[in-house]
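Peer 1: Got a file for you: upload-v2.tsv, TSV, C-alpha atoms.
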```tsv
chain	number	residue	atom	x	y	z
W	1013	MET	CA	-8.56	-0.53	38.96
W	1014	THR	CA	-8.98	-3.96	37.42
W	1015	GLY	CA	-7.92	-7.27	38.94
W	1016	SER	CA	-4.62	-7.08	37.07
W	1017	GLY	CA	-3.53	-4.00	38.98
W	1018	ILE	CA	-3.75	-1.79	35.91
W	1019	SER	CA	-5.97	1.24	36.27
W	1020	ASP	CA	-8.96	1.31	33.93
W	1021	VAL	CA	-8.88	4.90	32.67
W	1022	SER	CA	-11.83	4.52	30.30
W	1023	ALA	CA	-14.26	3.29	32.99
W	1024	GLY	CA	-17.28	5.53	33.18
W	1025	ARG	CA	-16.52	7.39	29.94
W	1026	PRO	CA	-18.77	7.07	26.93
W	1027	GLU	CA	-17.26	5.22	23.98
W	1028	LEU	CA	-16.14	7.48	21.15
W	1029	PRO	CA	-17.78	7.00	17.76
W	1030	PRO	CA	-15.70	5.10	15.22
W	1031	LEU	CA	-13.25	7.18	13.23
W	1032	ARG	CA	-14.33	7.53	9.61
W	1033	VAL	CA	-11.48	7.74	7.13
W	1034	PRO	CA	-12.33	8.78	3.57
W	1035	GLY	CA	-11.89	5.91	1.11
W	1036	TRP	CA	-9.50	7.86	-1.11
W	1037	VAL	CA	-6.88	7.91	1.67
W	1038	ARG	CA	-6.22	4.21	1.02
W	1039	PHE	CA	-5.09	5.16	-2.48
W	1040	LEU	CA	-2.86	8.09	-1.53
W	1041	ASP	CA	0.06	6.36	-3.27
W	1042	LEU	CA	-1.77	6.62	-6.59
W	1043	PHE	CA	-2.35	10.34	-6.02
W	1044	ALA	CA	1.37	10.65	-5.23
W	1045	LEU	CA	2.12	8.95	-8.55
W	1046	LEU	CA	0.10	11.63	-10.35
W	1047	ALA	CA	1.74	14.39	-8.32
W	1048	VAL	CA	5.23	13.23	-9.30
W	1049	LEU	CA	4.61	13.50	-13.06
W	1050	PRO	CA	5.39	17.25	-13.18
W	1051	LEU	CA	8.64	16.56	-11.31
W	1052	PHE	CA	9.64	14.02	-13.94
W	1053	LEU	CA	8.84	16.48	-16.71
W	1054	LEU	CA	10.46	19.56	-15.13
W	1055	ALA	CA	13.58	17.74	-13.95
W	1056	ASP	CA	14.01	16.12	-17.36
W	1057	LEU	CA	13.97	12.63	-15.83
W	1058	PRO	CA	13.43	9.70	-18.21
W	1059	ILE	CA	9.72	9.47	-18.95
W	1060	GLU	CA	10.19	5.74	-19.62
W	1061	ALA	CA	11.01	5.38	-15.92
W	1062	TYR	CA	7.76	7.07	-14.95
W	1063	LEU	CA	5.70	5.02	-17.39
W	1064	VAL	CA	7.25	1.66	-16.50
W	1065	GLY	CA	7.72	2.23	-12.77
W	1066	GLY	CA	4.32	3.89	-12.37
W	1067	GLY	CA	2.65	1.35	-14.63
W	1068	ALA	CA	4.10	-1.56	-12.67
W	1069	TRP	CA	2.96	0.11	-9.44
W	1070	VAL	CA	-0.61	0.59	-10.70
W	1071	VAL	CA	-0.80	-3.01	-11.98
W	1072	GLN	CA	0.55	-4.48	-8.75
W	1073	ARG	CA	-1.90	-2.38	-6.69
W	1074	GLY	CA	-4.76	-3.65	-8.85
W	1075	ILE	CA	-3.60	-7.23	-8.32
W	1076	GLN	CA	-3.33	-6.55	-4.59
W	1077	VAL	CA	-6.91	-5.26	-4.36
W	1078	VAL	CA	-8.32	-8.24	-6.28
W	1079	LEU	CA	-6.39	-10.85	-4.30
W	1080	GLN	CA	-7.08	-9.12	-0.97
W	1081	ARG	CA	-10.82	-9.31	-1.69
W	1082	ARG	CA	-10.48	-13.01	-2.48
W	1083	ALA	CA	-8.53	-13.59	0.73
W	1084	GLU	CA	-11.11	-11.70	2.80
W	1085	ALA	CA	-13.91	-13.75	1.23
W	1086	SER	CA	-12.32	-17.03	2.33
W	1087	ASP	CA	-12.78	-18.71	5.70
W	1088	ASP	CA	-9.82	-21.06	5.19
W	1089	PRO	CA	-6.65	-19.66	6.83
W	1090	ARG	CA	-4.47	-21.53	4.31
W	1091	VAL	CA	-6.20	-19.80	1.41
W	1092	VAL	CA	-5.86	-16.41	3.12
W	1093	ALA	CA	-2.16	-17.01	3.79
W	1094	GLY	CA	-1.62	-18.27	0.26
W	1095	TYR	CA	-3.25	-15.25	-1.36
W	1096	THR	CA	-1.54	-12.81	0.98
W	1097	ALA	CA	1.99	-14.23	0.87
W	1098	GLY	CA	1.85	-15.20	-2.80
W	1099	SER	CA	0.56	-11.77	-3.72
W	1100	MET	CA	3.32	-9.97	-1.82
W	1101	ILE	CA	6.09	-12.05	-3.37
W	1102	ALA	CA	4.73	-11.92	-6.92
W	1103	ARG	CA	4.03	-8.18	-6.81
W	1104	GLY	CA	7.51	-7.44	-5.48
W	1105	TRP	CA	9.11	-9.50	-8.22
W	1106	MET	CA	6.93	-7.87	-10.85
W	1107	CYS	CA	8.06	-4.38	-9.82
W	1108	ALA	CA	11.69	-5.47	-9.57
W	1109	LEU	CA	11.63	-7.00	-13.06
W	1110	ALA	CA	9.97	-3.88	-14.48
W	1111	ILE	CA	12.68	-1.69	-12.94
W	1112	PHE	CA	15.41	-4.02	-14.20
W	1113	GLY	CA	13.83	-4.09	-17.66
W	1114	VAL	CA	13.56	-0.32	-18.03
W	1115	GLY	CA	17.15	0.01	-16.81
W	1116	LEU	CA	18.35	-2.39	-19.49
W	1117	ALA	CA	16.18	-0.94	-22.25
W	1118	ALA	CA	16.45	2.79	-21.56
W	1119	GLY	CA	19.66	3.11	-19.55
W	1120	ASP	CA	20.89	3.42	-16.01
W	1121	ASP	CA	19.21	6.78	-15.40
W	1122	ALA	CA	15.83	5.29	-16.30
W	1123	GLY	CA	16.39	2.26	-14.08
W	1124	LEU	CA	17.45	4.41	-11.13
W	1125	SER	CA	14.55	6.82	-11.64
W	1126	ALA	CA	12.05	3.96	-11.83
W	1127	ALA	CA	13.52	2.37	-8.70
W	1128	LEU	CA	13.32	5.64	-6.75
W	1129	LEU	CA	9.76	6.19	-7.95
W	1130	VAL	CA	8.64	2.74	-6.82
W	1131	ILE	CA	10.44	3.14	-3.47
W	1132	ALA	CA	8.73	6.51	-2.91
W	1133	LEU	CA	5.33	5.06	-3.82
W	1134	PHE	CA	5.91	2.08	-1.53
W	1135	THR	CA	6.85	4.45	1.31
W	1136	VAL	CA	3.59	6.37	0.90
W	1137	TYR	CA	1.57	3.13	0.60
W	1138	PHE	CA	3.22	1.49	3.61
W	1139	THR	CA	2.90	4.58	5.81
W	1140	VAL	CA	-0.80	4.97	5.05
W	1141	ARG	CA	-1.33	1.26	5.58
W	1142	MET	CA	0.34	1.33	9.00
W	1143	ILE	CA	-1.65	4.42	10.05
W	1144	LEU	CA	-4.98	2.95	8.92
W	1145	ARG	CA	-4.39	-0.58	10.24
W	1146	PRO	CA	-5.36	0.15	13.87
W	1147	ILE	CA	-8.44	2.07	12.69
W	1148	HIS	CA	-9.47	-0.77	10.38
W	1149	MET	CA	-8.85	-3.40	13.05
W	1150	SER	CA	-10.84	-1.55	15.73
W	1151	ALA	CA	-13.73	-1.06	13.29
W	1152	SER	CA	-13.79	-4.76	12.42
W	1153	ARG	CA	-13.95	-5.72	16.12
W	1154	ARG	CA	-16.97	-3.52	16.83
W	1155	PRO	CA	-20.35	-5.25	17.00
W	1156	ARG	CA	-22.52	-4.40	14.03
```
Could you render the structure from this file as structure tokens?

Peer 2:
Amino acid sequence: MTGSGISDVSAGRPELPPLRVPGWVRFLDLFALLAVLPLFLLADLPIEAYLVGGGAWVVQRGIQVVLQRRAEASDDPRVVAGYTAGSMIARGWMCALAIFGVGLAAGDDAGLSAALLVIALFTVYFTVRMILRPIHMSASRRPR
């Protein structure tokens, strides 16, 4: 029992080794993008939607990786916030404009298919990110 009145369950137990997550798990959304291609082909969905929606997703993920590395390399909180917030807003707009553009150019079915593709990819990306965040944060707090 600690001074706060909360029992310390982990007292006396050895610390578990850090959880190692394979690097490819961070890019599960890109594997999902590849896995959806047969669905687009078999269901006769507009291939323009796959190319534009998937292309916009891949480009925005590349931008995210580059800007995240720049933010992590900076010690200035304003620079980190600027890269992080600016990246999120710009990448969201880029995907939205790509979806809107394919909808105008190739029709409503293409726009809807591209939107659903990007939403599905975002869902995979966000879920993986939320699962890995505690693991990443606990690893960064460990002494090296």

Peer 1: Quick one: contact table of stretch 1052-1118 of chain W to stretch 1027-1044 of chain W, 12 Å max, nearest atom pair and distance in Å to one decimal per residue, counting all atoms listed in the file, chain and number order, as CSV?

Peer 2:
```
residue,atom,partner,partner_atom,distance
W:Gly1066,CA,W:Leu1042,CA,8.8
W:Gly1067,CA,W:Leu1042,CA,10.6
W:Ala1068,CA,W:Leu1042,CA,11.8
W:Trp1069,CA,W:Leu1042,CA,8.5
W:Val1070,CA,W:Leu1042,CA,7.4
W:Val1071,CA,W:Leu1042,CA,11.1
W:Gln1072,CA,W:Leu1042,CA,11.5
W:Arg1073,CA,W:Leu1042,CA,9.0
W:Gly1074,CA,W:Phe1039,CA,10.9
W:Val1077,CA,W:Phe1039,CA,10.7
```

Peer 1: If we count all atoms listed in the file, what is near stretch 1079-1084 of chain W at a cut-off of 10 Å, once residues fewer than 5 positions away on the same chain are taken out, given as a list in words?

Peer 2: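 Those residues are Arg1073, Gly1074, Pro1089, Arg1090, Val1091, Val1092, Ala1093, Gly1094, Tyr1095, Thr1096, Gly1098 and Ser1099 of chain W.
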
Peer 1: With C-alpha atoms retained, write the just-selected residues as a tab-separated table (two decimals), in the frame of the given file.

Peer 2:
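Here's the written file part_33.tsv:
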```tsv
chain	number	residue	atom	x	y	z
W	1073	ARG	CA	-1.90	-2.38	-6.69
W	1074	GLY	CA	-4.76	-3.65	-8.85
W	1089	PRO	CA	-6.65	-19.66	6.83
W	1090	ARG	CA	-4.47	-21.53	4.31
W	1091	VAL	CA	-6.20	-19.80	1.41
W	1092	VAL	CA	-5.86	-16.41	3.12
W	1093	ALA	CA	-2.16	-17.01	3.79
W	1094	GLY	CA	-1.62	-18.27	0.26
W	1095	TYR	CA	-3.25	-15.25	-1.36
W	1096	THR	CA	-1.54	-12.81	0.98
W	1098	GLY	CA	1.85	-15.20	-2.80
W	1099	SER	CA	0.56	-11.77	-3.72
```

Peer 1: Give me, please, the distance in Å between atom CA of W:Ile1131 and atom CA of W:Val1078, quoted to one decimal.

Peer 2: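 Interatomic distance here is 22.1 Å.
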
Peer 1: Kindly give the distance, in Å, that separates atom CA of W:Leu1053 and atom CA of W:Ser1125, rounded to a single decimal.

Peer 2: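 About the pair atom CA of W:Leu1053 and atom CA of W:Ser1125: they are 12.3 Å apart.
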
Peer 1: Please identify all polymer residues within 12 Å of W:Leu1109, counting only C-alpha atoms, omitting same-chain residues fewer than 5 positions from it, and present them as number ranges by chain.

Peer 2: W: 1064-1065, 1068-1069, 1102-1104, 1114-1117, 1123, 1126-1127, 1130

Peer 1: Figure out the distance between atom CA of W:Leu1049 and atom CA of W:Leu1144, please, to one decimal in Å.

Peer 2: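 Going from atom CA of W:Leu1144 over to atom CA of W:Leu1049, I get 26.2 Å.
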
Peer 1: Which is closer to W:Ala1122 than all the others in W:Leu1063, W:Ile1075, W:Ile1143, W:Leu1054, using only C-alpha atoms?

Peer 2: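 Smallest distance to W:Ala1122 is found for W:Leu1063.
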